[in-house]
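One structure is given below, encoded as structure tokens.
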Amino acid sequence: MLRVTKLTDYATVVLTVLASRPDVVLSAGELAERAGLEGPTVSKLLKPLAQAGLVEGFRGVHGGYRLARPAAAISLVEIVEAMEGPLAMTECSLDHGECGISGQCGVRANWRRINDVVADALRAVTLAQMLDDVPSSPPPARRIAARLASA
């Protein structure tokens, strides 16, 4: 099953809390309370989010965190990569991926194509869109044009 880690899911929740109040600096404790998460978990999330340039931290009595840029300028792929590293469906999906059978493997091009489709889908959704209410009816199915390479 393909899924993001729990920490990536929680990071998205924390970022939506910050996005809902873009002009306010919130402490880690306030973020934890508003997100419904434990304080140590939120503190653990904030470090990689700050290193990726998604949040900025302020020290001092009135210190805390806020988004480093508008929510509409932060894509889900940035959040996933901040928490998990480069997106890679398989080891060979990375440009520098190491695989013992790459010389005789006929599916690498297909996995890279699938990896690109997933990355494009995550790139197309912004943090601002994650704040929107869930639609009352599901959107119509959208076809993704993809062709498998021949072996």
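Residue numbers start at 1 in each chain; chains themselves are named A, B, ... in the order of the structure tokens; ligands are numbered from 1 in the order shown.
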**Item:** For stretch 41-45 of chain A: contacts at 9 Å, only C-alpha atoms, fewer than 2 positions along chain excluded, given as a count of residues only
**Value:** 18
**Request:** From a DSSP pass on the backbone, collect the residues of stretch 13-140 of chain A flagged as strand (DSSP E) and hand them back as an MDAnalysis selection string.
**Result:** chainID A and resid 55:58 64:67
Produce a file of the selected residues containing N, CA and C atoms, as a PDB file, in the first residue's frame.
ATOM      1  N   VAL A  55       8.299  26.783   7.059  1.00  0.00           N
ATOM      2  CA  VAL A  55       7.923  27.604   8.215  1.00  0.00           C
ATOM      3  C   VAL A  55       9.144  28.397   8.652  1.00  0.00           C
ATOM      4  N   GLU A  56       8.880  29.492   9.334  1.00  0.00           N
ATOM      5  CA  GLU A  56       9.975  30.240   9.938  1.00  0.00           C
ATOM      6  C   GLU A  56       9.697  30.372  11.421  1.00  0.00           C
ATOM      7  N   GLY A  57      10.763  30.255  12.192  1.00  0.00           N
ATOM      8  CA  GLY A  57      10.637  30.312  13.636  1.00  0.00           C
ATOM      9  C   GLY A  57      11.177  31.617  14.176  1.00  0.00           C
ATOM     10  N   PHE A  58      10.586  32.046  15.290  1.00  0.00           N
ATOM     11  CA  PHE A  58      10.995  33.271  15.969  1.00  0.00           C
ATOM     12  C   PHE A  58      11.253  32.945  17.422  1.00  0.00           C
ATOM     13  N   GLY A  64       7.625  31.857  18.160  1.00  0.00           N
ATOM     14  CA  GLY A  64       6.770  30.789  17.653  1.00  0.00           C
ATOM     15  C   GLY A  64       7.052  30.563  16.184  1.00  0.00           C
ATOM     16  N   TYR A  65       6.029  30.134  15.482  1.00  0.00           N
ATOM     17  CA  TYR A  65       6.181  29.754  14.078  1.00  0.00           C
ATOM     18  C   TYR A  65       5.065  30.337  13.233  1.00  0.00           C
ATOM     19  N   ARG A  66       5.393  30.561  11.976  1.00  0.00           N
ATOM     20  CA  ARG A  66       4.401  30.931  10.967  1.00  0.00           C
ATOM     21  C   ARG A  66       4.896  30.396   9.635  1.00  0.00           C
ATOM     22  N   LEU A  67       4.000  30.394   8.656  1.00  0.00           N
ATOM     23  CA  LEU A  67       4.395  29.943   7.323  1.00  0.00           C
ATOM     24  C   LEU A  67       5.460  30.877   6.772  1.00  0.00           C
TER      25      LEU A  67
END
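The closest residue to A:Gly106, picked from A:Leu87, A:Leu122, A:Cys92, A:Val4 and counting only C-alpha atoms, is A:Cys92.
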**Request:** Could you give me, as JSON, numbers by chain, the residues within 12 Å of A:Leu2, counting only C-alpha atoms and dropping anything in the same chain fewer than 4 positions from it?
**Result:** {"A": [87, 88, 89, 90, 115, 118]}
**Message:** Given only C-alpha atoms as the basis, pick out the residue of A:Ser75, A:Thr12, A:Ser20, A:Gln51 nearest to A:Leu131.
**Reply:** A:Ser20
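As for atom CA of A:Glu84 and atom CA of A:Val25, they are spaced 25.5 Å apart.
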**Asked** Quick one: distance from atom CA of A:Val80 to atom CA of A:Arg123 in Å, one decimal?
**Response** 10.1 Å
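A straight line drawn from atom CA of A:Pro22 to atom CA of A:Asp9 is 19.9 Å long.
Proximity of A:Ala52, A:Leu18, A:Ile79, A:Leu26 to A:Ala119, computed with only C-alpha atoms, is greatest for A:Ile79.
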**Request:** Quick one: pick out all alpha helix (DSSP H) residues within chain A from a backbone DSSP run and write them as an MDAnalysis selection string.
**Result:** chainID A and resid 6:20 28:35 39:51 76:84 108:123 127:131
